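Engineer: Handing over structure-v8.pdb, PDB, C-alpha atoms.
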```pdb
MODEL        1
ATOM      1  CA  MET O   1       9.000  34.782 -67.401
ATOM      2  CA  ASP O   2       9.002  37.625 -64.884
ATOM      3  CA  LEU O   3      10.484  40.008 -67.468
ATOM      4  CA  LEU O   4       7.571  39.529 -69.883
ATOM      5  CA  GLU O   5       5.433  42.056 -68.009
ATOM      6  CA  TYR O   6       8.057  44.727 -68.836
ATOM      7  CA  SER O   7       8.223  43.897 -72.551
ATOM      8  CA  GLY O   8       5.224  46.010 -73.541
ATOM      9  CA  LEU O   9       3.768  43.106 -75.549
ATOM     10  CA  ASP O  10       0.162  42.030 -75.090
ATOM     11  CA  PHE O  11       0.520  38.246 -74.750
ATOM     12  CA  ASP O  12      -3.261  37.832 -74.968
ATOM     13  CA  ARG O  13      -3.221  39.315 -78.483
ATOM     14  CA  LEU O  14       0.118  38.557 -80.110
ATOM     15  CA  GLU O  15       0.517  39.930 -83.632
ATOM     16  CA  ARG O  16       3.384  37.608 -84.638
ATOM     17  CA  PRO O  17       6.040  35.352 -83.062
ATOM     18  CA  VAL O  18       8.014  36.720 -80.110
ATOM     19  CA  LEU O  19      11.810  36.661 -80.062
ATOM     20  CA  LEU O  20      13.722  36.237 -76.801
ATOM     21  CA  LYS O  21      17.474  36.763 -76.725
ATOM     22  CA  VAL O  22      19.778  36.583 -73.723
ATOM     23  CA  ASN O  23      23.251  38.029 -74.254
ATOM     24  CA  GLY O  24      22.730  37.995 -78.031
ATOM     25  CA  ARG O  25      21.722  34.332 -78.214
ATOM     26  CA  GLU O  26      18.309  32.722 -78.551
ATOM     27  CA  GLY O  27      16.923  32.299 -75.045
ATOM     28  CA  LEU O  28      14.291  30.191 -73.335
ATOM     29  CA  PHE O  29      11.328  31.619 -71.468
ATOM     30  CA  GLN O  30      12.214  29.382 -68.486
ATOM     31  CA  GLN O  31      15.870  30.473 -68.532
ATOM     32  CA  VAL O  32      17.538  31.748 -65.365
ATOM     33  CA  ILE O  33      18.737  35.341 -65.798
ATOM     34  CA  SER O  34      21.820  36.552 -63.939
ATOM     35  CA  SER O  35      22.853  40.062 -62.949
ATOM     36  CA  GLY O  36      24.436  41.772 -65.951
ATOM     37  CA  ASP O  37      22.649  39.661 -68.577
ATOM     38  CA  GLU O  38      21.276  41.567 -71.559
ATOM     39  CA  VAL O  39      17.712  40.503 -72.404
ATOM     40  CA  GLU O  40      15.728  41.354 -75.554
ATOM     41  CA  ILE O  41      12.014  40.532 -75.890
ATOM     42  CA  HIS O  42      10.217  41.771 -79.008
ATOM     43  CA  TYR O  43       8.199  40.715 -82.021
ATOM     44  CA  GLU O  44      10.121  38.715 -84.603
ATOM     45  CA  ASP O  45      10.842  40.680 -87.761
ATOM     46  CA  LEU O  46       9.155  38.503 -90.390
ATOM     47  CA  GLU O  47      10.381  40.616 -93.318
ATOM     48  CA  LYS O  48      13.954  39.309 -92.865
ATOM     49  CA  GLU O  49      12.931  35.706 -93.554
TER
ENDMDL
END
```
Please render this file's structure as structure tokens.
Structural biologist:
Amino acid sequence: MDLLEYSGLDFDRLERPVLLKVNGREGLFQQVISSGDEVEIHYEDLEKE
């Protein structure tokens, strides 16, 4: 959750679903992050569905 403030997304006005990945896998917003983990937080690309 602490990383959300660095994502650049406005969580009060979300435009579409948000994707969270940790080390290339779907992550949880309550997940513990370790040193060296790669975290991605961005809008889900709906055009791929």
Engineer: Taking (11.3, 38.5, -81.2) as a centre in this file's frame and 10 Å as the limit, can you find every polymer residue with an atom that close, using all atoms listed in the file, and give them as a PyMOL selection string?
Structural biologist: chain O and resi 16-21+26+40-46
Engineer: Atom CA of Glu15 of chain O and atom CA of Phe29 of chain O are how many Å apart?
Structural biologist: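 Going from atom CA of Glu15 of chain O over to atom CA of Phe29 of chain O covers 18.3 Å.
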Engineer: Between atom CA of Gln31 of chain O and atom CA of Glu5 of chain O, what is the distance, to one decimal in Å?
Structural biologist: 15.6 Å
Engineer: Could you give me, as a PyMOL selection string, the residues that have an atom at most 7 Å away from the point (13.1, 34.6, -67.2) in the coordinates of the file, using all atoms listed in the file?
Structural biologist: chain O and resi 1-3+29-33
Engineer: What separation in Å, quoted to one decimal, exists between atom CA of Arg13 of chain O and atom CA of Asp37 of chain O?
Structural biologist: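 So the answer is 27.7 Å.
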Engineer: Between O:Glu47, O:Val39, O:Leu9, O:Leu4, which is the closest to Gly24 of chain O once you count all atoms listed in the file?
Structural biologist: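 The shortest atom-to-atom distance to Gly24 of chain O comes from O:Val39.
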Engineer: Please complete segment 12-23 of chain O with all heavy atoms and give it back as a PDB file, in the frame of the given file.
Structural biologist:
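Printed below is selection_37.pdb as written:
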```pdb
ATOM      1  N   ASP O  12      -1.922  38.339 -74.679  1.00  0.00           N
ATOM      2  CA  ASP O  12      -3.261  37.832 -74.968  1.00  0.00           C
ATOM      3  C   ASP O  12      -3.633  38.052 -76.426  1.00  0.00           C
ATOM      4  O   ASP O  12      -4.544  37.422 -76.946  1.00  0.00           O
ATOM      5  CB  ASP O  12      -4.298  38.512 -74.063  1.00  0.00           C
ATOM      6  CG  ASP O  12      -4.149  38.093 -72.614  1.00  0.00           C
ATOM      7  OD1 ASP O  12      -3.769  36.936 -72.357  1.00  0.00           O
ATOM      8  OD2 ASP O  12      -4.411  38.942 -71.736  1.00  0.00           O
ATOM      9  N   ARG O  13      -2.927  38.973 -77.079  1.00  0.00           N
ATOM     10  CA  ARG O  13      -3.221  39.315 -78.483  1.00  0.00           C
ATOM     11  C   ARG O  13      -1.919  39.509 -79.260  1.00  0.00           C
ATOM     12  O   ARG O  13      -1.639  40.606 -79.749  1.00  0.00           O
ATOM     13  CB  ARG O  13      -4.048  40.597 -78.537  1.00  0.00           C
ATOM     14  CG  ARG O  13      -5.412  40.450 -77.918  1.00  0.00           C
ATOM     15  CD  ARG O  13      -6.177  41.775 -77.953  1.00  0.00           C
ATOM     16  NE  ARG O  13      -7.451  41.663 -77.313  1.00  0.00           N
ATOM     17  CZ  ARG O  13      -7.661  41.767 -76.020  1.00  0.00           C
ATOM     18  NH1 ARG O  13      -6.682  42.022 -75.196  1.00  0.00           N
ATOM     19  NH2 ARG O  13      -8.881  41.649 -75.511  1.00  0.00           N
ATOM     20  N   LEU O  14      -1.150  38.461 -79.393  1.00  0.00           N
ATOM     21  CA  LEU O  14       0.118  38.557 -80.110  1.00  0.00           C
ATOM     22  C   LEU O  14      -0.120  38.738 -81.600  1.00  0.00           C
ATOM     23  O   LEU O  14      -0.951  38.068 -82.195  1.00  0.00           O
ATOM     24  CB  LEU O  14       0.965  37.311 -79.867  1.00  0.00           C
ATOM     25  CG  LEU O  14       1.508  37.160 -78.456  1.00  0.00           C
ATOM     26  CD1 LEU O  14       2.233  35.831 -78.314  1.00  0.00           C
ATOM     27  CD2 LEU O  14       2.426  38.310 -78.094  1.00  0.00           C
ATOM     28  N   GLU O  15       0.645  39.640 -82.208  1.00  0.00           N
ATOM     29  CA  GLU O  15       0.517  39.930 -83.632  1.00  0.00           C
ATOM     30  C   GLU O  15       1.375  39.010 -84.489  1.00  0.00           C
ATOM     31  O   GLU O  15       1.081  38.786 -85.654  1.00  0.00           O
ATOM     32  CB  GLU O  15       0.921  41.381 -83.894  1.00  0.00           C
ATOM     33  CG  GLU O  15       0.033  42.374 -83.166  1.00  0.00           C
ATOM     34  CD  GLU O  15       0.548  43.789 -83.285  1.00  0.00           C
ATOM     35  OE1 GLU O  15       1.439  44.057 -84.120  1.00  0.00           O
ATOM     36  OE2 GLU O  15       0.059  44.643 -82.532  1.00  0.00           O
ATOM     37  N   ARG O  16       2.463  38.510 -83.925  1.00  0.00           N
ATOM     38  CA  ARG O  16       3.384  37.608 -84.638  1.00  0.00           C
ATOM     39  C   ARG O  16       4.300  36.945 -83.605  1.00  0.00           C
ATOM     40  O   ARG O  16       4.220  37.255 -82.429  1.00  0.00           O
ATOM     41  CB  ARG O  16       4.164  38.367 -85.699  1.00  0.00           C
ATOM     42  CG  ARG O  16       4.919  39.569 -85.208  1.00  0.00           C
ATOM     43  CD  ARG O  16       5.501  40.323 -86.422  1.00  0.00           C
ATOM     44  NE  ARG O  16       6.273  41.456 -85.991  1.00  0.00           N
ATOM     45  CZ  ARG O  16       5.820  42.688 -85.856  1.00  0.00           C
ATOM     46  NH1 ARG O  16       4.559  42.950 -86.126  1.00  0.00           N
ATOM     47  NH2 ARG O  16       6.592  43.662 -85.450  1.00  0.00           N
ATOM     48  N   PRO O  17       5.177  36.044 -84.022  1.00  0.00           N
ATOM     49  CA  PRO O  17       6.040  35.352 -83.062  1.00  0.00           C
ATOM     50  C   PRO O  17       6.901  36.316 -82.237  1.00  0.00           C
ATOM     51  O   PRO O  17       7.273  37.390 -82.710  1.00  0.00           O
ATOM     52  CB  PRO O  17       6.919  34.466 -83.941  1.00  0.00           C
ATOM     53  CG  PRO O  17       6.139  34.270 -85.190  1.00  0.00           C
ATOM     54  CD  PRO O  17       5.382  35.554 -85.393  1.00  0.00           C
ATOM     55  N   VAL O  18       7.203  35.912 -81.020  1.00  0.00           N
ATOM     56  CA  VAL O  18       8.014  36.720 -80.110  1.00  0.00           C
ATOM     57  C   VAL O  18       9.424  36.148 -80.068  1.00  0.00           C
ATOM     58  O   VAL O  18       9.619  34.936 -80.020  1.00  0.00           O
ATOM     59  CB  VAL O  18       7.390  36.722 -78.693  1.00  0.00           C
ATOM     60  CG1 VAL O  18       8.295  37.420 -77.699  1.00  0.00           C
ATOM     61  CG2 VAL O  18       6.025  37.390 -78.731  1.00  0.00           C
ATOM     62  N   LEU O  19      10.410  37.041 -80.107  1.00  0.00           N
ATOM     63  CA  LEU O  19      11.810  36.661 -80.062  1.00  0.00           C
ATOM     64  C   LEU O  19      12.357  36.983 -78.683  1.00  0.00           C
ATOM     65  O   LEU O  19      12.138  38.077 -78.156  1.00  0.00           O
ATOM     66  CB  LEU O  19      12.580  37.441 -81.128  1.00  0.00           C
ATOM     67  CG  LEU O  19      14.064  37.168 -81.263  1.00  0.00           C
ATOM     68  CD1 LEU O  19      14.285  35.736 -81.748  1.00  0.00           C
ATOM     69  CD2 LEU O  19      14.693  38.139 -82.226  1.00  0.00           C
ATOM     70  N   LEU O  20      13.062  36.037 -78.091  1.00  0.00           N
ATOM     71  CA  LEU O  20      13.722  36.237 -76.801  1.00  0.00           C
ATOM     72  C   LEU O  20      15.199  35.956 -76.989  1.00  0.00           C
ATOM     73  O   LEU O  20      15.583  34.877 -77.452  1.00  0.00           O
ATOM     74  CB  LEU O  20      13.155  35.287 -75.744  1.00  0.00           C
ATOM     75  CG  LEU O  20      13.920  35.235 -74.423  1.00  0.00           C
ATOM     76  CD1 LEU O  20      13.822  36.555 -73.676  1.00  0.00           C
ATOM     77  CD2 LEU O  20      13.420  34.112 -73.553  1.00  0.00           C
ATOM     78  N   LYS O  21      16.026  36.936 -76.669  1.00  0.00           N
ATOM     79  CA  LYS O  21      17.474  36.763 -76.725  1.00  0.00           C
ATOM     80  C   LYS O  21      18.057  37.119 -75.365  1.00  0.00           C
ATOM     81  O   LYS O  21      17.634  38.081 -74.725  1.00  0.00           O
ATOM     82  CB  LYS O  21      18.103  37.652 -77.789  1.00  0.00           C
ATOM     83  CG  LYS O  21      17.853  37.191 -79.195  1.00  0.00           C
ATOM     84  CD  LYS O  21      18.692  37.979 -80.168  1.00  0.00           C
ATOM     85  CE  LYS O  21      18.529  37.425 -81.564  1.00  0.00           C
ATOM     86  NZ  LYS O  21      19.423  38.126 -82.507  1.00  0.00           N
ATOM     87  N   VAL O  22      19.033  36.322 -74.946  1.00  0.00           N
ATOM     88  CA  VAL O  22      19.778  36.583 -73.723  1.00  0.00           C
ATOM     89  C   VAL O  22      21.249  36.646 -74.113  1.00  0.00           C
ATOM     90  O   VAL O  22      21.792  35.681 -74.661  1.00  0.00           O
ATOM     91  CB  VAL O  22      19.536  35.482 -72.664  1.00  0.00           C
ATOM     92  CG1 VAL O  22      20.340  35.774 -71.406  1.00  0.00           C
ATOM     93  CG2 VAL O  22      18.047  35.384 -72.327  1.00  0.00           C
ATOM     94  N   ASN O  23      21.842  37.812 -73.887  1.00  0.00           N
ATOM     95  CA  ASN O  23      23.251  38.029 -74.254  1.00  0.00           C
ATOM     96  C   ASN O  23      23.515  37.724 -75.728  1.00  0.00           C
ATOM     97  O   ASN O  23      24.520  37.130 -76.099  1.00  0.00           O
ATOM     98  CB  ASN O  23      24.175  37.205 -73.351  1.00  0.00           C
ATOM     99  CG  ASN O  23      24.032  37.608 -71.905  1.00  0.00           C
ATOM    100  OD1 ASN O  23      23.873  38.774 -71.578  1.00  0.00           O
ATOM    101  ND2 ASN O  23      24.052  36.634 -71.023  1.00  0.00           N
TER     102      ASN O  23
END
```
